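Participant: Pasting start_32.cif here (mmCIF, C-alpha atoms and all ligand atoms):
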```
data_entry
#
loop_
_atom_site.label_atom_id
_atom_site.label_comp_id
_atom_site.auth_asym_id
_atom_site.auth_seq_id
_atom_site.Cartn_x
_atom_site.Cartn_y
_atom_site.Cartn_z
CA MET A 1 145.88 172.88 36.83
CA PRO A 2 143.74 175.82 35.68
CA HIS A 3 143.61 176.75 32.01
CA ALA A 4 146.59 179.01 31.27
CA ALA A 5 144.36 181.90 30.13
CA LEU A 6 142.49 181.73 33.42
CA ASP A 7 145.73 182.42 35.25
CA GLN A 8 145.83 185.82 33.58
CA PRO A 9 143.51 188.61 34.65
CA SER A 10 140.62 189.42 32.36
CA PRO A 11 141.67 192.38 30.16
CA TRP A 12 138.34 194.01 31.08
CA VAL A 13 139.07 193.77 34.79
CA ALA A 14 142.65 194.89 34.26
CA ARG A 15 141.46 197.91 32.32
CA PHE A 16 138.73 199.07 34.68
CA LEU A 17 140.13 198.18 38.08
CA ALA A 18 141.38 201.77 38.12
CA LEU A 19 137.77 202.76 38.84
CA ALA A 20 138.36 201.63 42.41
CA PRO A 21 139.94 204.48 44.38
CA ALA A 22 143.65 203.89 44.98
CA GLY A 23 144.50 202.09 48.19
CA GLY A 24 140.96 200.83 48.68
CA HIS A 25 139.68 197.35 49.43
CA ILE A 26 138.53 195.07 46.59
CA LEU A 27 135.97 192.28 46.82
CA ASP A 28 136.69 189.42 44.41
CA VAL A 29 133.43 187.45 44.18
CA ALA A 30 133.67 183.72 43.41
CA ALA A 31 137.39 184.33 43.21
CA GLY A 32 138.42 180.89 41.97
CA GLY A 33 142.21 180.74 41.70
CA GLY A 34 142.45 184.39 42.71
CA ARG A 35 143.73 185.89 39.47
CA HIS A 36 141.91 189.17 40.17
CA THR A 37 142.81 189.21 43.83
CA ARG A 38 146.44 188.97 42.72
CA LEU A 39 145.91 191.76 40.22
CA ALA A 40 144.34 193.93 42.92
CA ARG A 41 147.27 193.32 45.26
CA ALA A 42 149.75 194.10 42.49
CA ARG A 43 147.93 197.43 42.05
CA GLY A 44 148.16 198.27 45.74
CA TYR A 45 144.65 197.38 46.90
CA ALA A 46 143.76 195.18 49.85
CA ALA A 47 141.40 192.38 48.88
CA THR A 48 138.76 190.00 50.11
CA ALA A 49 138.41 186.85 48.04
CA VAL A 50 135.26 184.82 48.57
CA ASP A 51 134.49 181.42 47.08
CA ILE A 52 132.75 178.22 48.07
CA ASP A 53 136.02 176.43 47.39
CA VAL A 54 139.07 178.34 48.60
CA THR A 55 141.68 175.71 47.80
CA GLY A 56 142.77 177.71 44.76
CA LEU A 57 143.51 180.66 47.03
CA ALA A 58 145.98 178.86 49.28
CA GLY A 59 148.93 180.75 47.82
CA LEU A 60 147.42 184.03 49.00
CA ARG A 61 147.06 183.04 52.65
CA ALA A 62 150.39 184.48 53.71
CA ASP A 63 149.45 187.94 52.49
CA PRO A 64 148.17 190.02 55.43
CA ASP A 65 146.26 192.27 53.05
CA VAL A 66 144.22 189.42 51.62
CA GLU A 67 141.16 188.11 53.44
CA ILE A 68 139.98 184.71 52.26
CA LEU A 69 136.38 183.77 52.95
CA ALA A 70 134.96 180.32 52.32
CA ALA A 71 131.24 180.82 51.75
CA ASP A 72 128.40 179.45 49.69
CA LEU A 73 127.06 182.56 47.99
CA GLU A 74 123.96 180.72 46.85
CA ALA A 75 122.71 179.50 50.22
CA GLY A 76 122.24 181.17 53.56
CA ALA A 77 123.04 184.73 54.49
CA TRP A 78 125.25 187.01 52.43
CA PRO A 79 128.60 186.54 54.17
CA LEU A 80 129.75 190.15 53.99
CA GLY A 81 126.91 191.83 55.88
CA GLU A 82 126.80 195.57 55.24
CA ARG A 83 130.44 195.84 54.19
CA ARG A 84 131.16 198.12 51.25
CA PHE A 85 134.14 197.94 48.91
CA ALA A 86 136.15 200.31 46.74
CA GLY A 87 135.83 197.77 43.97
CA VAL A 88 133.63 194.72 43.41
CA ILE A 89 134.95 192.30 40.79
CA VAL A 90 132.94 189.43 39.37
CA ALA A 91 134.26 187.31 36.51
CA ASN A 92 132.80 184.16 35.02
CA TYR A 93 130.19 183.76 37.71
CA LEU A 94 126.46 184.43 37.86
CA HIS A 95 123.95 183.77 40.58
CA ARG A 96 121.12 186.07 39.53
CA PRO A 97 119.58 186.63 43.00
CA LEU A 98 122.92 188.02 44.15
CA LEU A 99 123.09 190.83 41.60
CA PRO A 100 121.45 193.54 43.77
CA ARG A 101 123.74 192.57 46.67
CA LEU A 102 126.81 193.01 44.52
CA VAL A 103 125.72 196.48 43.43
CA ALA A 104 124.94 197.42 47.03
CA ALA A 105 128.44 196.32 48.08
CA VAL A 106 130.03 199.12 46.04
CA GLU A 107 130.99 202.01 48.32
CA ASP A 108 130.47 205.66 47.41
CA GLY A 109 133.04 206.47 44.75
CA GLY A 110 133.77 202.79 44.19
CA GLY A 111 133.43 200.66 41.08
CA LEU A 112 131.76 197.46 39.89
CA ILE A 113 133.62 195.48 37.25
CA TYR A 114 131.60 192.51 36.06
CA GLU A 115 132.18 190.13 33.15
CA THR A 116 130.52 186.81 32.48
CA PHE A 117 128.85 184.67 29.85
CA ALA A 118 125.69 185.78 28.14
CA GLU A 119 122.84 184.45 26.07
CA GLY A 120 124.19 183.08 22.82
CA ASN A 121 127.07 181.33 24.55
CA GLU A 122 125.20 178.03 24.33
CA ALA A 123 126.22 177.90 20.65
CA PHE A 124 129.87 177.66 21.68
CA GLY A 125 129.82 175.47 24.77
CA LYS A 126 129.34 175.81 28.48
CA PRO A 127 127.85 177.48 30.32
CA SER A 128 124.69 176.84 28.36
CA ASN A 129 122.18 176.77 31.24
CA PRO A 130 120.14 180.02 31.02
CA ASN A 131 120.60 180.47 34.78
CA PHE A 132 124.28 181.09 34.12
CA LEU A 133 123.87 183.37 31.09
CA LEU A 134 123.16 187.09 31.26
CA LYS A 135 120.26 188.35 29.21
CA PRO A 136 120.77 191.21 26.75
CA GLY A 137 121.22 194.42 28.76
CA GLU A 138 120.87 192.63 32.09
CA LEU A 139 123.87 194.24 33.78
CA LEU A 140 122.65 197.63 32.58
CA ASP A 141 119.30 196.96 34.21
CA VAL A 142 120.93 195.86 37.45
CA VAL A 143 122.95 199.06 37.94
CA ARG A 144 120.42 201.51 36.50
CA GLY A 145 119.56 204.31 38.93
CA GLN A 146 122.38 203.31 41.26
CA LEU A 147 125.69 203.32 39.45
CA THR A 148 127.04 205.43 36.62
CA ILE A 149 127.97 203.30 33.63
CA VAL A 150 131.48 203.85 32.35
CA ALA A 151 131.60 201.01 29.81
CA PHE A 152 129.42 198.14 28.63
CA GLU A 153 129.83 195.44 26.00
CA HIS A 154 127.86 192.40 24.90
CA GLY A 155 129.09 190.19 22.12
CA LYS A 156 131.23 187.34 20.90
CA ILE A 157 134.88 187.08 21.82
CA GLU A 158 137.41 184.76 20.18
CA ALA A 159 139.98 184.39 22.96
CA PRO A 160 140.73 182.52 25.16
CA ARG A 161 137.99 180.62 23.27
CA PRO A 162 134.91 181.62 21.30
CA ALA A 163 132.23 182.72 23.75
CA VAL A 164 129.45 185.25 24.15
CA ILE A 165 130.00 187.55 27.07
CA GLN A 166 128.57 190.67 28.66
CA ARG A 167 130.61 193.07 30.74
CA ILE A 168 130.15 196.31 32.58
CA ALA A 169 132.23 198.85 34.42
CA ALA A 170 130.30 201.30 36.58
CA VAL A 171 130.85 203.60 39.55
CA ARG A 172 128.78 204.84 42.45
CA GLY A 173 128.86 208.61 42.06
CA TRP A 174 131.25 210.52 39.92
CA ASP A 175 133.89 212.84 41.32
CA ARG A 176 134.09 215.63 38.77
CA ALA A 177 136.99 217.21 40.58
CA ARG A 178 139.20 214.15 40.25
CA PRO A 179 138.32 212.26 37.06
CA ARG A 180 140.00 208.91 37.13
CA ALA A 181 142.62 207.91 34.57
CA LEU A 182 140.70 204.97 33.18
CA PHE A 183 142.97 204.22 30.37
CA ALA A 184 146.28 204.27 32.20
CA ALA A 185 145.96 200.56 32.83
CA VAL A 186 145.18 199.42 29.29
CA ASP A 187 147.56 196.65 28.33
C1 LIG B 1 134.48 179.86 36.47
S1 LIG B 1 135.09 180.08 38.09
C2 LIG B 1 135.58 181.79 38.02
C3 LIG B 1 136.65 182.11 39.02
C4 LIG B 1 137.16 183.55 39.02
N1 LIG B 1 136.10 184.52 39.22
C5 LIG B 1 137.88 183.85 37.73
O1 LIG B 1 137.33 184.52 36.87
O2 LIG B 1 139.02 183.38 37.61
C6 LIG B 1 133.61 180.13 39.07
C7 LIG B 1 133.86 180.16 40.55
O3 LIG B 1 132.61 180.25 41.22
C8 LIG B 1 132.70 179.53 42.42
N2 LIG B 1 131.38 179.20 42.90
C9 LIG B 1 130.48 178.38 42.31
N3 LIG B 1 129.38 178.25 43.07
C10 LIG B 1 129.60 179.02 44.18
C11 LIG B 1 128.83 179.29 45.34
N4 LIG B 1 127.63 178.75 45.52
N5 LIG B 1 129.35 180.12 46.26
C12 LIG B 1 130.57 180.67 46.09
N6 LIG B 1 131.35 180.44 45.01
C13 LIG B 1 130.86 179.62 44.06
C14 LIG B 1 133.51 178.30 42.02
O4 LIG B 1 134.07 177.65 43.14
C15 LIG B 1 134.55 178.91 41.08
O5 LIG B 1 135.72 179.25 41.77
#
```
Kindly transcribe the structure held in the file into structure tokens.
Facilitator:
Amino acid sequence: MPHAALDQPSPWVARFLALAPAGGHILDVAAGGGRHTRLARARGYAATAVDIDVTGLAGLRADPDVEILAADLEAGAWPLGERRFAGVIVANYLHRPLLPRLVAAVEDGGGLIYETFAEGNEAFGKPSNPNFLLKPGELLDVVRGQLTIVAFEHGKIEAPRPAVIQRIAAVRGWDRARPRALFAAVD
């Protein structure tokens, strides 16, 4: 049984999912139990959920607008080829070599919403392996020159448990004619 808080979408993802153009297709990377795939579906997006272990996604199989992909993202070829997505969501997952791929998977006008643990988290528990912890400003460096940063944070959170995290919301291009209502989805 997953931790109760992990059944709920991340407030960061919930807030910035609106960066993905309405009706588009979301990629939920290392989707786990699918909390963000469910959020995307509730907001009217189609979704692709990819994870090495898709057992937690079984409840989504009946949904024709959800594609479930079992794939090891850390070995072999990137399983999504040249596909591009209206929104790419990554939460609580880091495989550093994949970062440029994830940015490239954002379609024109689409958004990247990324949140995971960062350096300093080792004081509070796992993950403590530096391979799984973002360095200060790392997500800024990854998107620089490619995406427009809408929001970025790095610091300690208290809930669902004390942790140090880094998170970014960024878009590829910026449609001045139709600014998106970012804050409509704030809880
Ligand atoms: C902490 S969970 C986060 C799940 C989800 N993103 C969320 O926030 O609820 C990390 C996920 O990464 C997946 N994962 C770990 N190694 C992976 C790999 N090599 N390829 C694909 N997924 C992997 C795990 O199966 C797990 O579902």
Participant: 10 Å from ligand LIG 1 (chain B) is the threshold here; counting all atoms listed in the file, which polymer residues fall inside it? Answer as an MDAnalysis selection string.
Facilitator: chainID A and resid 2:3 5:10 13 28:37 49:57 69:76 89:95 114:117 127
Participant: One decimal, Å: what's the distance from atom CA of Asn129 of chain A over to atom CA of Arg161 of chain A, could you say?
Facilitator: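 The value is 18.1 Å.
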Participant: I'd like the interatomic distance between atom CA of Ala104 of chain A and atom CA of Ile157 of chain A, to a tenth of an Å.
Facilitator: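 Separating atom CA of Ala104 of chain A from atom CA of Ile157 of chain A is a distance of 29.0 Å.
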Participant: Which one is closest to Ala18 of chain A: A:Leu139, A:Val164, A:Val88, A:Leu98? Count only C-alpha atoms.
Facilitator: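 Of all the options, A:Val88 lies closest to Ala18 of chain A.
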Participant: In Å, how far is it from atom CA of Val66 of chain A to atom CA of Leu80 of chain A?
Facilitator: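 Separation of atom CA of Val66 of chain A and atom CA of Leu80 of chain A: 14.7 Å.
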Participant: Taking every listed atom of segment 23-28 of chain A and adding 8 Å to each side, what centre and edge lengths in Å (one decimal) does the axis-aligned box have, as lines of an AutoDock Vina configuration file?
Facilitator:
```
center_x = 140.2
center_y = 195.8
center_z = 46.9
size_x = 24.5
size_y = 28.7
size_z = 21.0
```
Participant: Each residue of segment 67-152 of chain A with at least one atom at most 6 Å from segment 171-174 of chain A should appear once, together with its nearest atom pair and the corresponding distance in Å (one decimal); atoms considered: all atoms listed in the file; ordering: chain, then increasing residue number; output as CSV.
Facilitator:
```
residue,atom,partner,partner_atom,distance
A:Asp108,CA,A:Arg172,CA,5.3
A:Gly109,CA,A:Arg172,CA,5.1
A:Gly110,CA,A:Val171,CA,5.5
A:Gly111,CA,A:Val171,CA,4.2
A:Leu147,CA,A:Arg172,CA,4.6
A:Thr148,CA,A:Val171,CA,5.1
```
Participant: For Glu138 of chain A, please output as a ChimeraX atom specification all residues within 12 Å (counting all atoms listed in the file; exclusion window: fewer than 3 positions along the same chain).
Facilitator: /A:94,96,99-100,114-119,133-135,141-144,152-154,165-168
Participant: Env of Glu107 of chain A: 9 Å cut, atoms = all atoms listed in the file, seq-sep filter 5 positions within chain, self excluded. Answer as a PDB file with C-alpha atoms, in the frame of the given file.
Facilitator:
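The resulting around38.pdb:
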```
ATOM      1  CA  ARG A  83     130.440 195.840  54.190  1.00  0.00           C
ATOM      2  CA  ARG A  84     131.160 198.120  51.250  1.00  0.00           C
ATOM      3  CA  PHE A  85     134.140 197.940  48.910  1.00  0.00           C
ATOM      4  CA  ALA A  86     136.150 200.310  46.740  1.00  0.00           C
ATOM      5  CA  GLY A  87     135.830 197.770  43.970  1.00  0.00           C
ATOM      6  CA  VAL A 171     130.850 203.600  39.550  1.00  0.00           C
ATOM      7  CA  ARG A 172     128.780 204.840  42.450  1.00  0.00           C
TER       8      ARG A 172
END
```
Participant: With distances taken over only C-alpha atoms, which of A:Phe132, A:Asp63, A:Ile26, A:Ile113 is nearest to Pro97 of chain A?
Facilitator: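 Among the listed residues, the smallest separation from Pro97 of chain A belongs to A:Phe132.
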